[in-house]
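Here's data28.tsv, which has TSV, C-alpha atoms and all ligand atoms:
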chain	number	residue	atom	x	y	z
A	1232	MET	CA	88.60	112.07	54.52
A	1233	ARG	CA	88.09	109.17	56.88
A	1234	LYS	CA	91.70	109.31	57.90
A	1235	ILE	CA	91.52	113.00	58.80
A	1236	CYS	CA	88.46	112.23	60.87
A	1237	PHE	CA	90.32	109.52	62.85
A	1238	THR	CA	93.28	111.81	63.43
A	1239	THR	CA	91.05	114.50	64.86
A	1240	LEU	CA	89.42	111.99	67.15
A	1241	ALA	CA	92.76	110.76	68.40
A	1242	ILE	CA	93.89	114.28	69.28
A	1243	ALA	CA	90.66	115.05	71.10
A	1244	ALA	CA	90.60	111.72	72.93
A	1245	PRO	CA	90.34	112.14	76.69
A	1246	PHE	CA	93.40	111.38	78.78
A	1247	PHE	CA	93.46	110.51	82.40
A	1248	ALA	CA	95.45	112.02	85.21
A	1249	ALA	CA	97.07	108.68	86.04
A	1250	ASP	CA	98.62	108.55	82.56
A	1251	LEU	CA	100.27	111.86	83.25
A	1252	ALA	CA	101.75	111.38	86.69
A	1253	SER	CA	101.45	107.66	87.29
A	1254	THR	CA	104.48	108.04	89.56
A	1255	PRO	CA	105.39	111.26	91.40
A	1256	PRO	CA	106.66	113.85	88.89
A	1257	MET	CA	110.45	114.26	88.78
A	1258	GLY	CA	112.38	117.19	87.42
A	1259	TRP	CA	113.73	120.58	88.36
A	1260	ASN	CA	112.19	123.96	89.23
A	1261	SER	CA	113.81	127.38	89.08
A	1262	TRP	CA	112.37	128.98	92.23
A	1263	ASN	CA	114.43	127.69	95.17
A	1264	LYS	CA	117.79	128.70	93.69
A	1265	PHE	CA	117.08	131.40	91.12
A	1266	ALA	CA	113.78	133.09	92.12
A	1267	ASP	CA	113.49	136.11	89.77
A	1268	LYS	CA	116.97	135.54	88.29
A	1269	VAL	CA	115.73	132.85	85.91
A	1270	ASP	CA	115.94	133.43	82.14
A	1271	ASP	CA	116.04	131.61	78.80
A	1272	LYS	CA	119.81	131.07	78.92
A	1273	THR	CA	119.68	129.60	82.43
A	1274	ILE	CA	116.89	127.20	81.48
A	1275	ARG	CA	118.81	125.98	78.42
A	1276	GLU	CA	121.98	125.48	80.45
A	1277	ILE	CA	120.09	123.68	83.20
A	1278	ALA	CA	118.50	121.38	80.60
A	1279	ASP	CA	121.98	120.61	79.21
A	1280	ALA	CA	123.29	119.92	82.72
A	1281	ILE	CA	120.35	117.68	83.62
A	1282	VAL	CA	121.37	115.48	80.72
A	1283	SER	CA	125.17	115.61	81.16
A	1284	SER	CA	125.10	115.10	84.94
A	1285	GLY	CA	123.05	111.90	84.78
A	1286	MET	CA	119.99	113.54	86.35
A	1287	LYS	CA	117.90	112.73	83.29
A	1288	ASP	CA	118.98	109.08	83.43
A	1289	ALA	CA	117.98	109.04	87.09
A	1290	GLY	CA	114.45	110.16	86.11
A	1291	TYR	CA	114.43	113.97	86.36
A	1292	VAL	CA	112.56	115.04	83.21
A	1293	TYR	CA	110.51	118.20	83.89
A	1294	VAL	CA	112.36	121.51	83.59
A	1295	ASN	CA	109.97	123.92	85.26
A	1296	ILE	CA	110.07	127.69	84.99
A	1297	ASP	CA	108.52	129.15	88.13
A	1298	ASP	CA	107.34	132.73	88.65
A	1299	THR	CA	108.79	135.84	86.92
A	1300	TRP	CA	108.66	134.75	83.24
A	1301	GLU	CA	105.43	136.67	82.56
A	1302	GLY	CA	105.21	139.85	80.48
A	1303	GLU	CA	102.24	141.95	79.36
A	1304	ARG	CA	99.21	140.80	77.36
A	1305	ASP	CA	98.97	141.82	73.72
A	1306	ALA	CA	95.98	143.66	72.23
A	1307	GLN	CA	94.08	140.34	71.92
A	1308	GLY	CA	94.81	139.48	75.53
A	1309	ASN	CA	97.43	136.83	74.78
A	1310	ILE	CA	100.02	136.50	77.52
A	1311	GLN	CA	103.57	137.31	76.39
A	1312	PRO	CA	106.77	136.32	78.15
A	1313	ASN	CA	108.92	139.21	79.41
A	1314	SER	CA	112.31	140.15	78.01
A	1315	LYS	CA	114.09	137.37	79.93
A	1316	PHE	CA	112.31	134.83	77.71
A	1317	PRO	CA	112.41	136.07	74.10
A	1318	ASP	CA	110.75	133.00	72.54
A	1319	MET	CA	108.96	130.44	74.69
A	1320	LYS	CA	108.16	128.10	71.81
A	1321	ALA	CA	111.83	128.01	70.80
A	1322	LEU	CA	112.81	127.36	74.41
A	1323	ALA	CA	110.29	124.53	74.72
A	1324	ASP	CA	111.58	123.05	71.45
A	1325	TYR	CA	115.11	123.19	72.84
A	1326	VAL	CA	114.15	121.47	76.10
A	1327	HIS	CA	112.20	118.82	74.14
A	1328	SER	CA	115.20	118.25	71.86
A	1329	LYS	CA	117.09	117.07	74.96
A	1330	GLY	CA	114.43	114.46	75.65
A	1331	LEU	CA	113.10	116.55	78.55
A	1332	LYS	CA	109.76	118.25	79.26
A	1333	ILE	CA	109.04	121.85	80.15
A	1334	GLY	CA	106.83	123.40	82.81
A	1335	ILE	CA	105.49	126.87	83.50
A	1336	TYR	CA	103.77	128.77	86.31
A	1337	SER	CA	100.75	131.04	86.74
A	1338	SER	CA	98.14	132.19	89.23
A	1339	PRO	CA	94.35	132.13	89.09
A	1340	GLY	CA	94.52	135.69	90.42
A	1341	PRO	CA	95.28	138.91	88.54
A	1342	LYS	CA	98.90	138.79	89.76
A	1343	THR	CA	101.34	136.03	90.65
A	1344	CYS	CA	103.03	135.87	94.04
A	1345	ALA	CA	105.95	137.89	92.65
A	1346	GLY	CA	103.57	140.49	91.18
A	1347	PHE	CA	103.60	139.42	87.53
A	1348	GLU	CA	100.60	138.90	85.22
A	1349	GLY	CA	98.26	136.09	86.34
A	1350	SER	CA	95.61	134.14	84.42
A	1351	TYR	CA	92.54	135.81	85.96
A	1352	GLN	CA	89.77	135.96	83.33
A	1353	HIS	CA	92.15	134.55	80.71
A	1354	GLU	CA	92.16	130.91	81.80
A	1355	ALA	CA	91.21	129.21	78.52
A	1356	GLN	CA	93.30	131.63	76.50
A	1357	ASP	CA	96.41	131.02	78.60
A	1358	ALA	CA	95.94	127.26	78.51
A	1359	LYS	CA	95.83	127.44	74.70
A	1360	THR	CA	98.92	129.63	74.59
A	1361	TRP	CA	100.86	127.22	76.81
A	1362	ALA	CA	99.73	124.26	74.70
A	1363	ALA	CA	100.85	126.10	71.54
A	1364	TRP	CA	104.26	126.74	73.12
A	1365	GLY	CA	104.57	123.03	73.94
A	1366	ILE	CA	104.25	123.25	77.72
A	1367	ASP	CA	103.98	119.93	79.60
A	1368	TYR	CA	103.40	121.01	83.21
A	1369	VAL	CA	101.57	123.93	84.87
A	1370	LYS	CA	101.97	125.06	88.48
A	1371	TYR	CA	98.98	127.20	89.49
A	1372	ASP	CA	99.63	129.33	92.56
A	1373	TRP	CA	96.70	130.89	94.49
A	1374	CYS	CA	98.33	134.11	95.75
A	1375	SER	CA	96.33	137.16	94.62
A	1376	ALA	CA	93.32	134.98	93.81
A	1377	SER	CA	92.41	135.59	97.45
A	1378	LYS	CA	91.68	139.22	96.48
A	1379	VAL	CA	89.12	138.34	93.77
A	1380	TYR	CA	87.57	135.07	94.93
A	1381	GLN	CA	85.90	133.82	98.08
A	1382	PRO	CA	87.54	130.82	99.79
A	1383	SER	CA	84.42	128.83	98.88
A	1384	GLU	CA	85.20	129.34	95.17
A	1385	MET	CA	88.68	127.82	95.35
A	1386	GLN	CA	87.79	124.35	94.10
A	1387	ALA	CA	85.81	125.70	91.14
A	1388	VAL	CA	88.65	128.08	90.27
A	1389	TYR	CA	91.17	125.21	90.15
A	1390	LYS	CA	88.77	123.06	88.16
A	1391	ARG	CA	88.33	125.86	85.63
A	1392	MET	CA	92.01	125.76	84.75
A	1393	SER	CA	92.13	121.97	84.82
A	1394	ASP	CA	89.24	121.88	82.33
A	1395	ALA	CA	90.93	124.53	80.20
A	1396	LEU	CA	94.16	122.49	80.11
A	1397	LYS	CA	92.25	119.33	79.15
A	1398	ALA	CA	90.34	121.20	76.44
A	1399	THR	CA	93.63	122.00	74.68
A	1400	GLY	CA	94.15	118.28	73.99
A	1401	ARG	CA	97.78	118.56	75.15
A	1402	PRO	CA	98.54	116.54	78.29
A	1403	MET	CA	99.87	118.93	80.92
A	1404	VAL	CA	100.57	117.93	84.51
A	1405	PHE	CA	98.50	120.20	86.76
A	1406	SER	CA	100.17	121.27	90.00
A	1407	LEU	CA	98.02	122.97	92.64
A	1408	CYS	CA	99.79	125.46	94.88
A	1409	GLN	CA	97.63	126.91	97.63
A	1410	TYR	CA	99.75	125.86	100.61
A	1411	GLY	CA	97.43	123.10	101.86
A	1412	GLU	CA	94.45	125.35	102.56
A	1413	GLN	CA	91.01	123.78	103.02
A	1414	ASP	CA	92.55	120.28	103.32
A	1415	VAL	CA	93.37	120.30	99.61
A	1416	TRP	CA	94.41	116.61	99.79
A	1417	THR	CA	90.73	115.69	100.20
A	1418	TRP	CA	89.65	117.41	96.93
A	1419	GLY	CA	92.78	118.11	94.85
A	1420	ALA	CA	92.33	115.07	92.63
A	1421	SER	CA	88.64	115.77	92.05
A	1422	VAL	CA	89.44	119.15	90.47
A	1423	GLY	CA	92.05	117.60	88.18
A	1424	GLY	CA	95.18	118.12	90.28
A	1425	ASN	CA	98.08	115.73	89.70
A	1426	LEU	CA	99.82	117.11	92.77
A	1427	TRP	CA	99.04	119.68	95.42
A	1428	ARG	CA	101.25	121.50	97.87
A	1429	THR	CA	100.40	120.54	101.43
A	1430	THR	CA	102.21	123.39	103.22
A	1431	GLY	CA	103.76	126.83	102.90
A	1432	ASP	CA	107.15	127.26	101.25
A	1433	ILE	CA	110.13	125.11	102.22
A	1434	LYS	CA	113.34	126.83	103.28
A	1435	ASP	CA	116.85	125.49	102.90
A	1436	ASN	CA	117.36	124.53	106.52
A	1437	TRP	CA	116.91	121.45	108.69
A	1438	LYS	CA	114.08	122.89	110.77
A	1439	SER	CA	111.90	123.85	107.80
A	1440	MET	CA	112.58	120.65	105.86
A	1441	SER	CA	112.06	118.34	108.82
A	1442	ILE	CA	108.87	120.00	110.08
A	1443	ILE	CA	107.33	119.85	106.59
A	1444	GLY	CA	108.52	116.31	105.85
A	1445	PHE	CA	108.14	114.55	109.21
A	1446	ASP	CA	105.31	116.42	110.90
A	1447	LYS	CA	103.01	117.95	108.30
A	1448	GLN	CA	102.33	115.04	105.95
A	1449	THR	CA	100.88	112.63	108.49
A	1450	GLY	CA	97.23	111.85	107.87
A	1451	HIS	CA	97.30	112.59	104.14
A	1452	GLU	CA	98.59	109.14	103.11
A	1453	GLN	CA	95.30	107.81	101.79
A	1454	TYR	CA	94.96	110.67	99.30
A	1455	ALA	CA	98.18	109.94	97.39
A	1456	GLY	CA	98.32	107.48	94.53
A	1457	PRO	CA	99.02	107.14	90.81
A	1458	GLY	CA	98.04	110.39	89.09
A	1459	HIS	CA	97.56	112.44	92.28
A	1460	TRP	CA	100.21	113.20	94.89
A	1461	ASN	CA	100.75	115.16	98.07
A	1462	ASP	CA	103.48	117.72	97.41
A	1463	PRO	CA	105.63	118.74	100.41
A	1464	ASP	CA	107.40	121.28	98.13
A	1465	MET	CA	110.53	121.25	96.02
A	1466	LEU	CA	113.91	119.90	97.02
A	1467	GLU	CA	116.63	122.06	98.56
A	1468	VAL	CA	119.37	119.42	98.12
A	1469	GLY	CA	122.60	121.15	97.07
A	1470	ASN	CA	121.58	124.69	97.98
A	1471	GLY	CA	124.00	124.88	100.90
A	1472	GLY	CA	121.82	125.32	103.99
A	1473	MET	CA	122.01	121.72	105.22
A	1474	SER	CA	124.77	119.17	105.73
A	1475	ARG	CA	125.31	116.22	103.42
A	1476	THR	CA	123.69	113.93	105.99
A	1477	GLU	CA	120.68	116.24	106.33
A	1478	TYR	CA	120.23	116.31	102.58
A	1479	THR	CA	120.21	112.49	102.53
A	1480	VAL	CA	117.36	112.69	105.06
A	1481	HIS	CA	115.59	115.21	102.76
A	1482	LEU	CA	115.72	112.89	99.74
A	1483	SER	CA	114.97	109.75	101.77
A	1484	LEU	CA	111.97	111.34	103.47
A	1485	TRP	CA	110.56	112.66	100.20
A	1486	ALA	CA	111.02	109.17	98.69
A	1487	MET	CA	109.20	107.56	101.62
A	1488	LEU	CA	106.40	110.11	101.15
A	1489	ALA	CA	106.07	109.29	97.42
A	1490	ALA	CA	106.61	113.02	96.95
A	1491	PRO	CA	107.31	114.77	93.67
A	1492	LEU	CA	111.10	115.12	93.32
A	1493	LEU	CA	111.76	118.56	91.86
A	1494	ALA	CA	115.39	119.45	92.33
A	1495	GLY	CA	115.87	123.12	93.19
A	1496	ASN	CA	119.63	123.58	92.92
A	1497	ASP	CA	122.03	124.91	90.29
A	1498	VAL	CA	122.53	121.66	88.41
A	1499	ARG	CA	125.23	123.30	86.25
A	1500	SER	CA	127.69	123.60	89.11
A	1501	MET	CA	126.62	120.99	91.65
A	1502	THR	CA	129.25	119.06	93.57
A	1503	ASP	CA	129.74	115.31	93.12
A	1504	GLU	CA	128.29	114.92	96.61
A	1505	THR	CA	125.05	116.70	95.62
A	1506	ARG	CA	124.82	114.73	92.38
A	1507	ASP	CA	125.31	111.45	94.25
A	1508	ILE	CA	122.46	112.31	96.61
A	1509	LEU	CA	120.04	113.43	93.89
A	1510	THR	CA	120.80	110.49	91.59
A	1511	ASN	CA	120.72	107.63	94.10
A	1512	LYS	CA	118.70	105.27	91.93
A	1513	GLU	CA	117.88	102.88	94.77
A	1514	VAL	CA	116.27	105.66	96.81
A	1515	ILE	CA	114.56	107.10	93.73
A	1516	ALA	CA	113.08	103.65	93.05
A	1517	ILE	CA	111.34	103.87	96.44
A	1518	ASP	CA	109.81	107.22	95.47
A	1519	GLN	CA	108.87	106.03	91.99
A	1520	ASP	CA	107.55	102.62	93.00
A	1521	PRO	CA	104.51	101.90	90.81
A	1522	LEU	CA	102.26	100.95	93.74
A	1523	GLY	CA	102.29	104.66	94.56
A	1524	GLN	CA	101.63	104.22	98.24
A	1525	GLN	CA	102.75	107.05	100.50
A	1526	GLY	CA	104.86	105.80	103.42
A	1527	ARG	CA	103.99	106.39	107.04
A	1528	ARG	CA	105.61	106.56	110.46
A	1529	VAL	CA	105.11	103.30	112.37
A	1530	SER	CA	107.06	104.09	115.51
A	1531	LYS	CA	108.54	107.06	117.32
A	1532	ASP	CA	110.88	106.97	120.30
A	1533	GLY	CA	111.98	110.44	121.36
A	1534	ALA	CA	113.66	111.90	118.30
A	1535	THR	CA	113.97	108.64	116.38
A	1536	GLU	CA	111.34	107.42	113.98
A	1537	VAL	CA	110.75	104.31	111.85
A	1538	TRP	CA	108.82	104.71	108.62
A	1539	VAL	CA	107.55	102.09	106.20
A	1540	LYS	CA	106.40	102.19	102.58
A	1541	PRO	CA	104.98	99.08	100.92
A	1542	LEU	CA	106.30	98.45	97.41
A	1543	ALA	CA	104.72	96.91	94.32
A	1544	ASN	CA	106.70	93.64	94.42
A	1545	GLY	CA	105.83	93.03	98.08
A	1546	ASP	CA	109.11	94.41	99.46
A	1547	LEU	CA	109.07	97.07	102.15
A	1548	ALA	CA	111.03	100.31	102.16
A	1549	VAL	CA	111.95	101.08	105.74
A	1550	ALA	CA	113.63	104.26	106.97
A	1551	LEU	CA	115.31	104.65	110.35
A	1552	PHE	CA	115.45	108.39	111.05
A	1553	ASN	CA	117.32	110.18	113.81
A	1554	ARG	CA	116.16	113.77	114.33
A	1555	SER	CA	118.27	114.26	117.47
A	1556	ASP	CA	121.62	115.99	117.85
A	1557	GLN	CA	123.47	112.79	118.84
A	1558	MET	CA	124.09	109.43	117.24
A	1559	ALA	CA	121.25	107.01	118.08
A	1560	ASP	CA	120.67	103.29	117.81
A	1561	VAL	CA	117.40	102.82	115.92
A	1562	THR	CA	115.59	99.49	115.50
A	1563	ALA	CA	112.84	98.46	113.13
A	1564	TYR	CA	111.20	95.46	114.80
A	1565	TRP	CA	109.50	93.11	112.35
A	1566	PRO	CA	106.13	93.03	114.15
A	1567	ILE	CA	105.88	96.83	113.83
A	1568	LEU	CA	106.36	96.37	110.10
A	1569	GLY	CA	103.79	93.57	110.00
A	1570	ILE	CA	106.32	90.86	109.08
A	1571	ASP	CA	108.05	87.92	110.78
A	1572	GLY	CA	110.77	85.38	110.00
A	1573	LYS	CA	114.03	86.04	108.16
A	1574	HIS	CA	114.37	88.73	105.50
A	1575	LYS	CA	117.10	89.98	103.23
A	1576	VAL	CA	117.95	93.60	103.93
A	1577	ARG	CA	119.64	96.07	101.58
A	1578	ASP	CA	121.05	99.42	102.70
A	1579	LEU	CA	120.19	101.99	100.01
A	1580	TRP	CA	122.72	104.72	100.88
A	1581	ARG	CA	125.63	102.35	101.44
A	1582	HIS	CA	124.53	100.27	98.42
A	1583	VAL	CA	125.26	97.01	100.23
A	1584	ASN	CA	123.34	93.91	101.19
A	1585	ALA	CA	123.13	94.08	104.95
A	1586	GLY	CA	122.41	90.39	105.55
A	1587	THR	CA	119.41	88.15	106.12
A	1588	VAL	CA	117.92	89.18	109.40
A	1589	ARG	CA	115.43	87.79	111.92
A	1590	ASP	CA	113.20	89.77	114.34
A	1591	GLY	CA	114.32	93.26	113.40
A	1592	TYR	CA	117.10	95.46	112.09
A	1593	SER	CA	119.15	97.89	114.18
A	1594	ALA	CA	121.57	100.56	113.04
A	1595	ASP	CA	123.57	103.40	114.51
A	1596	VAL	CA	122.10	106.43	112.79
A	1597	PRO	CA	124.05	109.69	112.86
A	1598	GLN	CA	122.51	112.92	114.16
A	1599	HIS	CA	119.99	114.39	111.69
A	1600	GLY	CA	120.57	111.22	109.70
A	1601	VAL	CA	118.89	108.22	108.16
A	1602	VAL	CA	119.43	104.59	107.23
A	1603	ILE	CA	117.05	103.57	104.48
A	1604	LEU	CA	116.49	99.91	103.74
A	1605	ARG	CA	114.74	97.68	101.27
A	1606	ILE	CA	113.44	94.56	102.99
A	1607	ALA	CA	112.73	91.62	100.67
A	1608	ARG	CA	109.62	89.54	101.23
B	1	LIG	C1	104.84	130.98	96.21
B	1	LIG	C2	105.04	129.50	95.98
B	1	LIG	C3	106.50	129.23	95.66
B	1	LIG	C4	106.91	130.03	94.43
B	1	LIG	C5	106.62	131.51	94.64
B	1	LIG	C6	106.82	132.30	93.36
B	1	LIG	O1	105.50	131.43	97.35
B	1	LIG	O2	104.62	128.76	97.09
B	1	LIG	O3	106.72	127.85	95.44
B	1	LIG	O4	106.23	129.54	93.31
B	1	LIG	O5	105.28	131.73	95.07
B	1	LIG	O6	106.48	133.66	93.50

Step by step, read the file and then write its structure as structure tokens.
Amino acid sequence: MRKICFTTLAIAAPFFAADLASTPPMGWNSWNKFADKVDDKTIREIADAIVSSGMKDAGYVYVNIDDTWEGERDAQGNIQPNSKFPDMKALADYVHSKGLKIGIYSSPGPKTCAGFEGSYQHEAQDAKTWAAWGIDYVKYDWCSASKVYQPSEMQAVYKRMSDALKATGRPMVFSLCQYGEQDVWTWGASVGGNLWRTTGDIKDNWKSMSIIGFDKQTGHEQYAGPGHWNDPDMLEVGNGGMSRTEYTVHLSLWAMLAAPLLAGNDVRSMTDETRDILTNKEVIAIDQDPLGQQGRRVSKDGATEVWVKPLANGDLAVALFNRSDQMADVTAYWPILGIDGKHKVRDLWRHVNAGTVRDGYSADVPQHGVVILRIAR
């Protein structure tokens, strides 16, 4: 009897957001590549490919189904998947059997952005259903909620789902998606968010990626940390709209931002080049550094920028970015980084030690390119 009592207590024990997303969540999401073409078979094949390609070893663990999985509610109001997903519990079991985790998507409104069934007035019921399926991650997208709620209700609406998820006793990462409205970074964590989108949707081109990554994250740094992250949206690496060099900027910038790394490509058929970008463990280590400090721009000269991110062991991650259309010589001067003396420098895309350097480090950086460094201290 006593034992049963203890077991119950353990299941109901509170968990804290930082346990769930102590570093920025890493995984994959269906939307950028598949949109409404996602189904059970695709998710299983993607899970297989995440393991066989080395993505799982590099840290990508969440396999997230975005919009268009939802079907009708049954007579009791329980949400059912549509015909593309015959058995969600079986799918979750399959993904778990690969050592991965599974995510799902809904809206606080009556309909999702793609017009499918949302969680409006079924919040606790849906949270229980997802927990029973074995879901580990929920993206909650405002969309049609704007038709049934006032803007002033937004925080309470997000908290309602966060509380419902917690009440299930199953830890589920809670991802807020409301495009950065009402300065979400200032309150996202207080309503239980583990991450929150800071902008509208990313597109697979240099302009969209660079505006979101370079220009729209500044000023939010203090709100990111273990358990709660600014989310500049999912990765487009490998989707074809940018050059190899531009995709290295995409991953480097997201790593400097301590951003969630949710790959958005077809992992089953990616090129070696795409895989090498997504699985660069030295760059991923910058993103996943346990200090959890979001990096910031420390200097800007025309179209070149130097960014710094302090790391847990005292090292600095430093990125030399060139946003221009020509090669540029970019220098990170030590005083700008707050250091002096001689320091060992490692180049994280070339995977080489670049010497022990005094005063600063200069590099020729290709157009729309980056050199990302780890500076020992
Ligand atoms: C919104 C979100 C996207 C995606 C779609 C799905 O646009 O911002 O990330 O989830 O909805 O309909």

Would you compute, for all listed atoms of ligand LIG 1 (chain B), the axis-aligned bounding box grown by 6 Å on each side, and then report its centre and edge lengths in Å rounded to one decimal, as lines of an AutoDock Vina configuration file?
center_x = 105.8
center_y = 130.8
center_z = 95.3
size_x = 14.3
size_y = 17.8
size_z = 16.0

Q.
Taking only C-alpha atoms and all ligand atoms and a cut-off of 10 Å, can you tell me which residues surround ligand LIG 1 (chain B), written as an MDAnalysis selection string?
A. chainID A and resid 1260:1263 1266:1267 1296:1299 1336:1338 1342:1347 1370:1374 1407:1410 1428 1430:1433 1464:1465

Q.
Using only C-alpha atoms and a cutoff of 12 Å, can you tell me which residues are near (88.4, 129.5, 91.8) in the file's coordinates, and write them out as a PyMOL selection string?
A. chain A and resi 1338-1340+1350-1352+1354+1371-1393+1407+1409+1422

Please produce, as a Markdown table, a per-residue contact table for range 1288-1369 of chain A versus range 1518-1533 of chain A (criterion: any atom at most 12 Å away, all atoms listed in the file considered), showing the nearest atom pair and its distance in Å to one decimal, sorted by chain then residue number.
| residue | atom | partner | partner_atom | distance |
| --- | --- | --- | --- | --- |
| A:Ala1289 | CA | A:Gln1519 | CA | 10.8 |
| A:Gly1290 | CA | A:Gln1519 | CA | 9.1 |
| A:Tyr1291 | CA | A:Gln1519 | CA | 11.2 |

Q) So what do you get for CA of Leu1484 in chain A versus CA of Gly1424 in chain A, distance-wise? A) 22.4 Å

Q | Point-to-point distance from CA of Asp1271 in chain A to CA of Leu1482 in chain A, Å rounded to tenths | A |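 Result for CA of Asp1271 in chain A versus CA of Leu1482 in chain A: 28.1 Å, one decimal.
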
Q) Hey, can you check how far CA of Gly1330 in chain A sits from CA of Asp1250 in chain A? A)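 Calculated distance between CA of Gly1330 in chain A and CA of Asp1250 in chain A is 18.2 Å.
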
Q) Using only C-alpha atoms, which residue out of A:Val1576, A:Thr1479, A:Ile1567, A:Thr1535 lies closest to Asp1595 in chain A? A) A:Thr1535

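Proximity to Gly1495 in chain A was assessed for A:Leu1251, A:Ile1281, A:Ala1607, A:Ala1398 counting all atoms listed in the file; the smallest distance is recorded for A:Ile1281.
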
Q: Just give me the residues with any atom within 12 Å of (94.1, 143.7, 77.4), file coordinates, counting only C-alpha atoms, written as a PyMOL selection string.
A: chain A and resi 1303-1311+1348+1350-1353

Please write range 1564-1578 of chain A of the preceding block to a file containing N, CA, C and O atoms, as an mmCIF file, in the first residue's frame?
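And here's part-v5.cif as it stands now:
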data_model
loop_
_atom_site.group_PDB
_atom_site.id
_atom_site.type_symbol
_atom_site.label_atom_id
_atom_site.label_comp_id
_atom_site.auth_asym_id
_atom_site.auth_seq_id
_atom_site.Cartn_x
_atom_site.Cartn_y
_atom_site.Cartn_z
ATOM 1 N N TYR A 1564 38.588 42.471 -32.484
ATOM 2 C CA TYR A 1564 39.641 43.010 -31.614
ATOM 3 C C TYR A 1564 39.355 42.582 -30.183
ATOM 4 O O TYR A 1564 38.212 42.633 -29.721
ATOM 5 N N TRP A 1565 40.400 42.152 -29.486
ATOM 6 C CA TRP A 1565 40.200 41.646 -28.120
ATOM 7 C C TRP A 1565 39.452 42.622 -27.202
ATOM 8 O O TRP A 1565 38.545 42.193 -26.479
ATOM 9 N N PRO A 1566 39.781 43.922 -27.220
ATOM 10 C CA PRO A 1566 39.086 44.803 -26.274
ATOM 11 C C PRO A 1566 37.559 44.817 -26.487
ATOM 12 O O PRO A 1566 36.800 44.939 -25.527
ATOM 13 N N ILE A 1567 37.141 44.643 -27.752
ATOM 14 C CA ILE A 1567 35.691 44.614 -28.012
ATOM 15 C C ILE A 1567 35.068 43.384 -27.363
ATOM 16 O O ILE A 1567 33.908 43.391 -26.946
ATOM 17 N N LEU A 1568 35.891 42.323 -27.264
ATOM 18 C CA LEU A 1568 35.389 41.084 -26.653
ATOM 19 C C LEU A 1568 35.588 41.090 -25.139
ATOM 20 O O LEU A 1568 35.205 40.133 -24.457
ATOM 21 N N GLY A 1569 36.249 42.128 -24.636
ATOM 22 C CA GLY A 1569 36.493 42.217 -23.191
ATOM 23 C C GLY A 1569 37.657 41.369 -22.724
ATOM 24 O O GLY A 1569 37.718 40.962 -21.564
ATOM 25 N N ILE A 1570 38.605 41.052 -23.631
ATOM 26 C CA ILE A 1570 39.764 40.245 -23.244
ATOM 27 C C ILE A 1570 41.051 40.953 -23.671
ATOM 28 O O ILE A 1570 41.020 41.899 -24.467
ATOM 29 N N ASP A 1571 42.193 40.476 -23.128
ATOM 30 C CA ASP A 1571 43.483 40.962 -23.619
ATOM 31 C C ASP A 1571 44.477 39.814 -23.591
ATOM 32 O O ASP A 1571 44.116 38.692 -23.237
ATOM 33 N N GLY A 1572 45.713 40.078 -23.974
ATOM 34 C CA GLY A 1572 46.739 39.029 -23.966
ATOM 35 C C GLY A 1572 46.611 38.062 -25.137
ATOM 36 O O GLY A 1572 45.986 38.377 -26.152
ATOM 37 N N LYS A 1573 47.263 36.870 -24.933
ATOM 38 C CA LYS A 1573 47.299 35.877 -26.020
ATOM 39 C C LYS A 1573 46.261 34.790 -25.768
ATOM 40 O O LYS A 1573 46.114 34.328 -24.629
ATOM 41 N N HIS A 1574 45.589 34.373 -26.823
ATOM 42 C CA HIS A 1574 44.547 33.353 -26.677
ATOM 43 C C HIS A 1574 44.613 32.351 -27.827
ATOM 44 O O HIS A 1574 44.856 32.733 -28.974
ATOM 45 N N LYS A 1575 44.353 31.110 -27.470
ATOM 46 C CA LYS A 1575 44.245 30.060 -28.494
ATOM 47 C C LYS A 1575 42.921 30.195 -29.215
ATOM 48 O O LYS A 1575 41.871 30.384 -28.580
ATOM 49 N N VAL A 1576 42.983 30.082 -30.536
ATOM 50 C CA VAL A 1576 41.778 30.264 -31.357
ATOM 51 C C VAL A 1576 41.532 28.987 -32.163
ATOM 52 O O VAL A 1576 42.462 28.441 -32.769
ATOM 53 N N ARG A 1577 40.298 28.534 -32.168
ATOM 54 C CA ARG A 1577 39.934 27.386 -33.014
ATOM 55 C C ARG A 1577 38.842 27.802 -33.991
ATOM 56 O O ARG A 1577 37.873 28.466 -33.617
ATOM 57 N N ASP A 1578 39.018 27.384 -35.250
ATOM 58 C CA ASP A 1578 38.061 27.700 -36.313
ATOM 59 C C ASP A 1578 37.080 26.523 -36.428
ATOM 60 O O ASP A 1578 37.478 25.399 -36.744
#
